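final_36.cif (mmCIF, C-alpha atoms)
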data_my_file
loop_
_atom_site.label_atom_id
_atom_site.label_comp_id
_atom_site.auth_asym_id
_atom_site.auth_seq_id
_atom_site.Cartn_x
_atom_site.Cartn_y
_atom_site.Cartn_z
CA MET A 3 -9.36 -1.60 -19.94
CA SER A 4 -11.59 1.46 -19.53
CA MET A 5 -14.07 -0.73 -17.63
CA ILE A 6 -11.45 -1.36 -14.94
CA CYS A 7 -11.16 2.37 -14.32
CA GLU A 8 -14.90 2.92 -14.33
CA LEU A 9 -16.06 -0.11 -12.38
CA GLY A 10 -13.08 -1.67 -10.63
CA TYR A 11 -12.07 -5.32 -11.01
CA ASP A 12 -14.52 -6.74 -8.48
CA LYS A 13 -17.55 -5.17 -10.15
CA ILE A 14 -16.64 -6.26 -13.68
CA SER A 15 -18.57 -9.34 -14.79
CA ILE A 16 -18.28 -11.66 -17.75
CA GLU A 17 -21.80 -10.43 -18.63
CA ALA A 18 -20.61 -6.83 -18.80
CA ILE A 19 -17.56 -7.78 -20.86
CA ALA A 20 -19.73 -9.75 -23.29
CA ARG A 21 -22.24 -6.90 -23.55
CA GLN A 22 -19.53 -4.34 -24.32
CA ALA A 23 -17.99 -6.67 -26.93
CA GLY A 24 -21.41 -7.39 -28.43
CA VAL A 25 -21.05 -11.16 -28.04
CA SER A 26 -22.59 -13.83 -25.82
CA LYS A 27 -21.20 -14.95 -22.45
CA GLN A 28 -20.64 -18.36 -24.03
CA THR A 29 -18.36 -16.81 -26.64
CA ILE A 30 -16.25 -15.20 -23.92
CA TYR A 31 -15.99 -18.48 -21.99
CA ARG A 32 -15.04 -20.33 -25.18
CA TRP A 33 -11.84 -18.26 -25.46
CA TRP A 34 -10.96 -17.33 -21.88
CA PRO A 35 -11.15 -19.52 -18.77
CA SER A 36 -12.04 -16.69 -16.37
CA LYS A 37 -12.67 -12.99 -15.91
CA GLY A 38 -9.04 -12.65 -14.82
CA ALA A 39 -7.85 -14.16 -18.10
CA VAL A 40 -9.88 -11.63 -20.15
CA ILE A 41 -8.48 -8.73 -18.14
CA LEU A 42 -4.96 -10.18 -18.35
CA GLU A 43 -5.19 -10.25 -22.13
CA ALA A 44 -6.37 -6.63 -22.25
CA ALA A 45 -3.54 -5.62 -19.89
CA THR A 46 -0.96 -7.51 -21.95
CA GLU A 47 -2.16 -5.80 -25.13
CA SER A 48 -2.02 -2.35 -23.56
CA LEU A 49 1.57 -3.02 -22.47
CA GLY A 50 2.37 -3.86 -26.10
CA ALA A 51 4.72 -1.32 -27.60
CA VAL A 52 5.94 0.29 -24.38
CA VAL A 53 7.71 -2.78 -23.00
CA ALA A 54 10.35 -3.01 -25.73
CA ILE A 55 13.74 -1.84 -24.42
CA PRO A 56 15.33 0.41 -27.06
CA ASP A 57 18.98 0.11 -28.09
CA THR A 58 20.78 3.44 -28.37
CA GLY A 59 24.02 1.97 -27.03
CA ASP A 60 23.45 3.43 -23.55
CA ILE A 61 21.91 0.76 -21.32
CA VAL A 62 21.05 3.13 -18.46
CA ALA A 63 19.25 5.55 -20.78
CA ASP A 64 17.50 2.69 -22.57
CA ILE A 65 16.22 1.09 -19.36
CA ARG A 66 15.12 4.54 -18.15
CA THR A 67 13.18 5.05 -21.41
CA GLN A 68 11.37 1.75 -21.00
CA LEU A 69 10.64 2.17 -17.28
CA THR A 70 9.42 5.74 -17.85
CA ALA A 71 6.93 4.43 -20.41
CA ILE A 72 5.78 1.72 -17.98
CA LEU A 73 5.32 4.27 -15.16
CA ASP A 74 3.32 6.46 -17.54
CA LEU A 75 1.10 3.52 -18.47
CA ILE A 76 0.63 2.59 -14.80
CA THR A 77 -0.20 6.08 -13.61
CA THR A 78 -2.26 7.44 -16.52
CA THR A 79 -4.21 4.48 -17.96
CA GLY A 80 -6.28 1.54 -16.77
CA PHE A 81 -3.16 -0.64 -16.83
CA GLY A 82 -2.19 0.25 -13.26
CA PRO A 83 -5.52 -0.69 -11.65
CA ALA A 84 -5.82 -3.76 -13.92
CA TYR A 85 -2.33 -5.00 -13.01
CA ARG A 86 -2.94 -4.49 -9.29
CA SER A 87 -6.22 -6.43 -9.56
CA LEU A 88 -4.60 -9.26 -11.50
CA ILE A 89 -1.76 -9.65 -8.99
CA ALA A 90 -4.32 -9.53 -6.16
CA ALA A 91 -6.52 -12.19 -7.78
CA GLY A 92 -3.42 -14.21 -8.66
CA GLN A 93 -2.44 -14.64 -5.01
CA SER A 94 -5.30 -17.13 -4.64
CA ASP A 95 -5.45 -18.27 -8.30
CA PRO A 96 -2.23 -20.05 -9.34
CA ASP A 97 -3.43 -20.51 -12.95
CA LEU A 98 -3.98 -16.77 -13.35
CA LEU A 99 -0.63 -15.98 -11.69
CA ARG A 100 1.15 -18.41 -14.03
CA ALA A 101 -0.63 -16.95 -17.07
CA LEU A 102 0.42 -13.46 -15.98
CA PHE A 103 4.00 -14.67 -15.64
CA ASP A 104 3.93 -16.28 -19.09
CA GLN A 105 2.28 -13.32 -20.84
CA ILE A 106 3.89 -10.34 -19.08
CA ILE A 107 7.00 -11.35 -17.11
CA GLU A 108 8.51 -13.98 -19.41
CA PRO A 109 8.60 -11.76 -22.56
CA ASN A 110 10.23 -9.05 -20.43
CA ILE A 111 12.85 -11.56 -19.24
CA GLN A 112 13.64 -12.45 -22.87
CA ASP A 113 13.89 -8.82 -23.93
CA PHE A 114 15.94 -7.81 -20.90
CA SER A 115 18.24 -10.79 -21.41
CA ALA A 116 18.92 -9.85 -25.04
CA ARG A 117 19.49 -6.15 -24.37
CA THR A 118 21.79 -6.74 -21.37
CA ALA A 119 23.76 -9.38 -23.32
CA LEU A 120 24.61 -6.66 -25.84
CA ALA A 121 25.36 -4.23 -23.00
CA ARG A 122 27.77 -6.70 -21.39
CA GLN A 123 29.54 -7.42 -24.66
CA ARG A 124 29.96 -3.71 -25.41
CA GLY A 125 31.01 -2.68 -21.91
CA GLU A 126 27.89 -0.65 -21.14
CA MET A 127 27.89 -2.71 -17.94
CA ARG A 128 30.19 -5.28 -16.32
CA GLY A 129 30.66 -8.45 -18.37
CA ASP A 130 29.83 -10.64 -15.37
CA ALA A 131 26.86 -8.54 -14.18
CA ASP A 132 23.92 -10.60 -12.90
CA TRP A 133 21.23 -9.40 -15.31
CA GLN A 134 18.53 -11.64 -13.82
CA THR A 135 18.81 -10.17 -10.35
CA LEU A 136 19.16 -6.70 -11.87
CA ARG A 137 15.86 -7.27 -13.69
CA ASP A 138 14.12 -8.45 -10.50
CA LEU A 139 15.35 -5.34 -8.68
CA LEU A 140 14.17 -2.90 -11.36
CA TYR A 141 10.68 -4.27 -11.93
CA GLY A 142 10.38 -5.34 -8.28
CA VAL A 143 10.78 -1.81 -6.98
CA VAL A 144 8.16 -0.50 -9.41
CA GLU A 145 5.66 -3.18 -8.35
CA TYR A 146 6.51 -2.62 -4.66
CA ARG A 147 5.65 1.05 -4.86
CA LEU A 148 2.54 0.31 -6.96
CA PHE A 149 1.13 -2.34 -4.61
CA HIS A 150 1.78 -0.16 -1.54
CA SER A 151 0.21 2.92 -3.22
CA MET A 152 3.47 4.86 -2.94
CA PRO A 153 4.20 7.65 -5.46
CA LEU A 154 5.72 6.59 -8.77
CA GLU A 155 7.37 9.58 -10.35
CA PRO A 156 9.79 9.43 -13.31
CA GLU A 157 12.55 11.12 -11.25
CA TYR A 158 12.41 8.19 -8.87
CA LEU A 159 13.89 6.04 -11.63
CA ASP A 160 17.12 8.06 -11.54
CA ALA A 161 17.59 7.15 -7.87
CA VAL A 162 16.97 3.47 -8.65
CA LEU A 163 19.33 3.41 -11.63
CA GLU A 164 22.04 5.23 -9.67
CA ILE A 165 22.04 2.49 -7.02
CA VAL A 166 21.85 -0.57 -9.24
CA PHE A 167 24.50 0.70 -11.65
CA HIS A 168 26.89 2.33 -9.17
CA GLY A 169 26.08 0.78 -5.78
CA VAL A 170 25.78 2.47 -2.40
CA ARG A 171 29.29 1.53 -1.27
CA MET B 29 -1.61 -17.57 11.73
CA SER B 30 -1.94 -21.34 11.54
CA MET B 31 -5.50 -20.87 10.26
CA ILE B 32 -4.13 -19.10 7.19
CA CYS B 33 -2.06 -22.18 6.32
CA GLU B 34 -4.89 -24.61 6.97
CA LEU B 35 -7.79 -22.72 5.42
CA GLY B 36 -6.44 -19.89 3.27
CA TYR B 37 -7.46 -16.27 3.66
CA ASP B 38 -10.71 -16.48 1.70
CA LYS B 39 -12.11 -19.31 3.83
CA ILE B 40 -11.26 -17.72 7.17
CA SER B 41 -14.27 -16.03 8.75
CA ILE B 42 -14.69 -13.76 11.75
CA GLU B 43 -16.80 -16.59 13.20
CA ALA B 44 -13.90 -19.05 12.96
CA ILE B 45 -11.47 -16.53 14.46
CA ALA B 46 -13.85 -15.87 17.36
CA ARG B 47 -14.41 -19.60 17.93
CA GLN B 48 -10.67 -20.31 18.04
CA ALA B 49 -10.12 -17.38 20.43
CA GLY B 50 -13.06 -18.49 22.57
CA VAL B 51 -14.82 -15.14 22.33
CA SER B 52 -17.90 -13.78 20.58
CA LYS B 53 -17.98 -12.26 17.09
CA GLN B 54 -19.02 -8.99 18.74
CA THR B 55 -15.81 -9.00 20.78
CA ILE B 56 -13.72 -9.38 17.63
CA TYR B 57 -15.59 -6.56 15.87
CA ARG B 58 -15.16 -4.32 18.92
CA TRP B 59 -11.36 -4.40 18.47
CA TRP B 60 -10.82 -4.91 14.76
CA PRO B 61 -12.69 -3.28 11.85
CA SER B 62 -12.41 -6.28 9.51
CA LYS B 63 -11.08 -9.79 8.99
CA GLY B 64 -8.09 -8.25 7.22
CA ALA B 65 -7.29 -6.15 10.29
CA VAL B 66 -7.26 -9.26 12.54
CA ILE B 67 -4.94 -11.11 10.17
CA LEU B 68 -2.73 -8.02 9.78
CA GLU B 69 -2.27 -7.88 13.54
CA ALA B 70 -1.34 -11.57 13.69
CA ALA B 71 1.11 -11.08 10.79
CA THR B 72 2.65 -8.01 12.44
CA GLU B 73 3.13 -9.92 15.71
CA SER B 74 4.75 -12.87 13.96
CA LEU B 75 7.19 -10.49 12.26
CA GLY B 76 8.09 -9.15 15.72
CA ALA B 77 11.64 -10.02 16.62
CA VAL B 78 12.90 -10.91 13.13
CA VAL B 79 12.51 -7.45 11.64
CA ALA B 80 15.10 -5.73 13.83
CA ILE B 81 18.30 -5.04 11.86
CA PRO B 82 21.30 -5.98 14.06
CA ASP B 83 24.37 -3.77 14.40
CA THR B 84 27.66 -5.64 14.15
CA GLY B 85 29.35 -2.76 12.33
CA ASP B 86 28.99 -4.50 8.94
CA ILE B 87 25.90 -3.13 7.18
CA VAL B 88 25.89 -5.76 4.40
CA ALA B 89 26.08 -8.66 6.88
CA ASP B 90 23.46 -7.04 9.12
CA ILE B 91 20.97 -6.51 6.29
CA ARG B 92 21.65 -10.08 5.12
CA THR B 93 20.88 -11.37 8.63
CA GLN B 94 17.58 -9.52 8.75
CA LEU B 95 16.50 -10.45 5.21
CA THR B 96 17.46 -14.09 5.80
CA ALA B 97 15.16 -14.15 8.85
CA ILE B 98 12.35 -12.56 6.81
CA LEU B 99 12.77 -15.12 3.99
CA ASP B 100 12.70 -17.91 6.58
CA LEU B 101 9.49 -16.51 8.06
CA ILE B 102 7.93 -16.17 4.59
CA THR B 103 8.85 -19.65 3.40
CA THR B 104 8.36 -21.72 6.56
CA THR B 105 5.47 -20.12 8.49
CA GLY B 106 1.99 -18.76 7.85
CA PHE B 107 3.46 -15.29 7.46
CA GLY B 108 4.09 -15.74 3.72
CA PRO B 109 0.51 -16.75 2.80
CA ALA B 110 -0.92 -14.17 5.24
CA TYR B 111 1.17 -11.34 3.79
CA ARG B 112 0.23 -12.30 0.21
CA SER B 113 -3.45 -12.32 1.18
CA LEU B 114 -3.22 -8.98 2.94
CA ILE B 115 -1.54 -7.31 -0.02
CA ALA B 116 -4.12 -8.88 -2.33
CA ALA B 117 -7.05 -7.67 -0.20
CA GLY B 118 -5.35 -4.29 0.19
CA GLN B 119 -5.44 -3.62 -3.56
CA SER B 120 -9.19 -3.00 -3.26
CA ASP B 121 -9.24 -1.92 0.42
CA PRO B 122 -7.28 1.34 0.93
CA ASP B 123 -7.86 1.29 4.73
CA LEU B 124 -6.29 -2.16 5.04
CA LEU B 125 -3.39 -1.18 2.76
CA ARG B 126 -2.75 1.94 4.85
CA ALA B 127 -2.92 -0.08 8.08
CA LEU B 128 -0.41 -2.55 6.63
CA PHE B 129 1.88 0.34 5.69
CA ASP B 130 1.61 1.85 9.19
CA GLN B 131 2.10 -1.43 11.05
CA ILE B 132 4.67 -3.22 8.88
CA ILE B 133 6.37 -0.85 6.42
CA GLU B 134 6.68 2.30 8.55
CA PRO B 135 8.50 0.62 11.51
CA ASN B 136 10.87 -0.94 8.97
CA ILE B 137 11.53 2.50 7.45
CA GLN B 138 12.38 3.86 10.92
CA ASP B 139 14.69 0.95 11.73
CA PHE B 140 16.38 1.00 8.31
CA SER B 141 16.82 4.78 8.54
CA ALA B 142 18.54 4.52 11.94
CA ARG B 143 20.83 1.62 10.98
CA THR B 144 21.88 3.17 7.66
CA ALA B 145 22.49 6.55 9.34
CA LEU B 146 25.10 4.83 11.51
CA ALA B 147 26.47 3.01 8.47
CA ARG B 148 26.87 6.28 6.57
CA GLN B 149 28.58 7.99 9.50
CA ARG B 150 31.00 5.09 9.95
CA GLY B 151 31.80 4.60 6.27
CA GLU B 152 30.10 1.19 5.98
CA MET B 153 28.42 2.76 2.96
CA ARG B 154 28.71 6.08 1.08
CA GLY B 155 27.82 9.11 3.18
CA ASP B 156 25.44 10.40 0.50
CA ALA B 157 23.84 7.01 -0.24
CA ASP B 158 20.08 7.14 -0.86
CA TRP B 159 18.91 4.83 1.94
CA GLN B 160 15.22 5.26 1.10
CA THR B 161 15.58 3.97 -2.45
CA LEU B 162 17.98 1.27 -1.20
CA ARG B 163 15.26 0.13 1.22
CA ASP B 164 12.61 0.06 -1.52
CA LEU B 165 14.92 -2.05 -3.70
CA LEU B 166 15.71 -4.61 -0.98
CA TYR B 167 12.18 -5.23 0.29
CA GLY B 168 10.71 -4.66 -3.16
CA VAL B 169 12.64 -7.52 -4.72
CA VAL B 170 11.59 -9.89 -1.91
CA GLU B 171 7.92 -8.96 -2.36
CA TYR B 172 8.24 -9.20 -6.15
CA ARG B 173 9.47 -12.77 -5.98
CA LEU B 174 6.87 -13.64 -3.34
CA PHE B 175 3.89 -12.23 -5.24
CA HIS B 176 5.01 -13.92 -8.49
CA SER B 177 5.61 -17.27 -6.70
CA MET B 178 9.28 -17.23 -7.69
CA PRO B 179 11.82 -19.11 -5.49
CA LEU B 180 13.14 -17.21 -2.46
CA GLU B 181 16.38 -18.84 -1.36
CA PRO B 182 18.86 -17.27 1.08
CA GLU B 183 21.67 -17.39 -1.52
CA TYR B 184 19.59 -15.09 -3.69
CA LEU B 185 20.19 -12.33 -1.13
CA ASP B 186 23.92 -12.38 -1.93
CA ALA B 187 23.16 -11.54 -5.56
CA VAL B 188 20.87 -8.70 -4.50
CA LEU B 189 23.34 -7.25 -1.99
CA GLU B 190 26.19 -7.49 -4.52
CA ILE B 191 24.26 -5.31 -6.97
CA VAL B 192 22.91 -2.68 -4.58
CA PHE B 193 26.24 -2.23 -2.78
CA HIS B 194 28.62 -2.51 -5.73
CA GLY B 195 26.51 -1.79 -8.82
CA VAL B 196 26.53 -3.56 -12.17
CA ARG B 197 28.73 -0.98 -13.87
#

Please express the file's structure as structure tokens.
Amino acid sequence: MSMICELGYDKISIEAIARQAGVSKQTIYRWWPSKGAVILEAATESLGAVVAIPDTGDIVADIRTQLTAILDLITTTGFGPAYRSLIAAGQSDPDLLRALFDQIIEPNIQDFSARTALARQRGEMRGDADWQTLRDLLYGVVEYRLFHSMPLEPEYLDAVLEIVFHGVR
Amino acid sequence: MSMICELGYDKISIEAIARQAGVSKQTIYRWWPSKGAVILEAATESLGAVVAIPDTGDIVADIRTQLTAILDLITTTGFGPAYRSLIAAGQSDPDLLRALFDQIIEPNIQDFSARTALARQRGEMRGDADWQTLRDLLYGVVEYRLFHSMPLEPEYLDAVLEIVFHGVR
């Protein structure tokens, strides 16, 4: 991931990845179909621990905790540039886009589904709340501001959570 | 815009654009700094009429009307592929990303600001509602589903509007 920060996605080559890992290009290609796939795996690993949504019994606080950790990862590590590059490459590479969905989005859907199921049972949110659209809105707004190079400050999350939990009407 | 559908962004060249327009490459470069800038201008023009938010006195219906037109443009014309390509190219081209913000996002911010100011005055939504974050959420979720190749059906907008206007709590 540090290579993304130093070189940028376009300048990273399979050769450079192999050199840094101390293996041959052939070894890299044996395990990953493309440069994008190698970078996707590194990005997925760096997401690791931060993507779990905690359960303190307060769904708003728990989502804020998780999103704050994601914003921190995006703005202070190579994850942000790597993710932007992967989404960019994925717009003309359906295999990479699908792999990104399977490795990053799908586990988040599972986790979000489980946590909001508890929240709906316990009355932390409405029992009939549409958790799938709620999830799209939350992660969508983060990606929107990332891809348009708009500021991503932790306080912004309060404004987002206020709207999706209480509505503007 | 039809070239985007036929060829895809990567295969479009300034030569091909000049040939189709019946002018020289030099003429294209005199007016636009890059291929991305030409495609951005075509995308901005095709957005044209559909981006205006109507005013029938019902802010939810009016936003739904505008977003429905945008979804239609994305899913049935070259605008969708062009916009995806521009955002992709913009992740490693800050000038293009800024031009896209100025030409597409900024006019939308102005329009959304004006329409929601009326809505807040008239009680169509809360007087203290955070229209800027509301705007990010609405267009963010559309872009999120577009960039991840997730379905974008008009009925989906009802689910989005239900959450942002009424909240999940």

For the PyMOL selection byres ((chain B) within 8 of (chain A)), applied here, can you spell out every residue it catches as JSON, numbers by chain? {"B": [112, 113, 115, 116, 117, 119, 120, 125, 129, 152, 153, 154, 157, 158, 161, 162, 164, 165, 166, 167, 168, 169, 170, 171, 172, 173, 175, 176, 187, 188, 191, 192, 193, 194, 195, 196, 197]}

Write a file of the selected residues as an mmCIF file, in the coordinates of the input, keeping C-alpha atoms.
data_model
loop_
_atom_site.group_PDB
_atom_site.id
_atom_site.type_symbol
_atom_site.label_atom_id
_atom_site.label_comp_id
_atom_site.auth_asym_id
_atom_site.auth_seq_id
_atom_site.Cartn_x
_atom_site.Cartn_y
_atom_site.Cartn_z
ATOM 1 C CA ARG B 112 0.230 -12.300 0.210
ATOM 2 C CA SER B 113 -3.450 -12.320 1.180
ATOM 3 C CA ILE B 115 -1.540 -7.310 -0.020
ATOM 4 C CA ALA B 116 -4.120 -8.880 -2.330
ATOM 5 C CA ALA B 117 -7.050 -7.670 -0.200
ATOM 6 C CA GLN B 119 -5.440 -3.620 -3.560
ATOM 7 C CA SER B 120 -9.190 -3.000 -3.260
ATOM 8 C CA LEU B 125 -3.390 -1.180 2.760
ATOM 9 C CA PHE B 129 1.880 0.340 5.690
ATOM 10 C CA GLU B 152 30.100 1.190 5.980
ATOM 11 C CA MET B 153 28.420 2.760 2.960
ATOM 12 C CA ARG B 154 28.710 6.080 1.080
ATOM 13 C CA ALA B 157 23.840 7.010 -0.240
ATOM 14 C CA ASP B 158 20.080 7.140 -0.860
ATOM 15 C CA THR B 161 15.580 3.970 -2.450
ATOM 16 C CA LEU B 162 17.980 1.270 -1.200
ATOM 17 C CA ASP B 164 12.610 0.060 -1.520
ATOM 18 C CA LEU B 165 14.920 -2.050 -3.700
ATOM 19 C CA LEU B 166 15.710 -4.610 -0.980
ATOM 20 C CA TYR B 167 12.180 -5.230 0.290
ATOM 21 C CA GLY B 168 10.710 -4.660 -3.160
ATOM 22 C CA VAL B 169 12.640 -7.520 -4.720
ATOM 23 C CA VAL B 170 11.590 -9.890 -1.910
ATOM 24 C CA GLU B 171 7.920 -8.960 -2.360
ATOM 25 C CA TYR B 172 8.240 -9.200 -6.150
ATOM 26 C CA ARG B 173 9.470 -12.770 -5.980
ATOM 27 C CA PHE B 175 3.890 -12.230 -5.240
ATOM 28 C CA HIS B 176 5.010 -13.920 -8.490
ATOM 29 C CA ALA B 187 23.160 -11.540 -5.560
ATOM 30 C CA VAL B 188 20.870 -8.700 -4.500
ATOM 31 C CA ILE B 191 24.260 -5.310 -6.970
ATOM 32 C CA VAL B 192 22.910 -2.680 -4.580
ATOM 33 C CA PHE B 193 26.240 -2.230 -2.780
ATOM 34 C CA HIS B 194 28.620 -2.510 -5.730
ATOM 35 C CA GLY B 195 26.510 -1.790 -8.820
ATOM 36 C CA VAL B 196 26.530 -3.560 -12.170
ATOM 37 C CA ARG B 197 28.730 -0.980 -13.870
#

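Near segment 38-40 of chain A, within a cut-off of 8 Å and counting all atoms listed in the file, sit the residues Trp34, Pro35, Glu43, Ala44, Leu88, Ala91, Leu98 and Ala101 of chain A, with same-chain residues fewer than 3 positions away left out.
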
Which residues come within 8 Å of segment 92-108 of chain B, counting only C-alpha atoms, excluding same-chain residues fewer than 5 positions away, as a list in words? Met29, Ser30, Ile32, Cys33, Ala71, Ser74, Leu75, Val78, Val79, Ala80, Ile81, Pro82, Val170, Leu174, Leu180, Glu181, Pro182, Leu185, Asp186 and Leu189 of chain B

Take the selection from the previous step and output its residues with C-alpha atoms, as a tab-separated table (two decimals), in the frame of the given file.
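Written out: selection-v4.tsv:
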chain	number	residue	atom	x	y	z
B	29	MET	CA	-1.61	-17.57	11.73
B	30	SER	CA	-1.94	-21.34	11.54
B	32	ILE	CA	-4.13	-19.10	7.19
B	33	CYS	CA	-2.06	-22.18	6.32
B	71	ALA	CA	1.11	-11.08	10.79
B	74	SER	CA	4.75	-12.87	13.96
B	75	LEU	CA	7.19	-10.49	12.26
B	78	VAL	CA	12.90	-10.91	13.13
B	79	VAL	CA	12.51	-7.45	11.64
B	80	ALA	CA	15.10	-5.73	13.83
B	81	ILE	CA	18.30	-5.04	11.86
B	82	PRO	CA	21.30	-5.98	14.06
B	170	VAL	CA	11.59	-9.89	-1.91
B	174	LEU	CA	6.87	-13.64	-3.34
B	180	LEU	CA	13.14	-17.21	-2.46
B	181	GLU	CA	16.38	-18.84	-1.36
B	182	PRO	CA	18.86	-17.27	1.08
B	185	LEU	CA	20.19	-12.33	-1.13
B	186	ASP	CA	23.92	-12.38	-1.93
B	189	LEU	CA	23.34	-7.25	-1.99

Quick one: pull the distance between atom CA of Arg21 of chain A and atom CA of Met5 of chain A, Å, one decimal.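 Atom CA of Met5 of chain A lies at a distance of 11.8 Å from atom CA of Arg21 of chain A.
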
With distances taken over all atoms listed in the file, the candidate from A:Thr58, A:Ser15, A:Thr29, A:Gln105 nearest Leu42 of chain A is A:Gln105
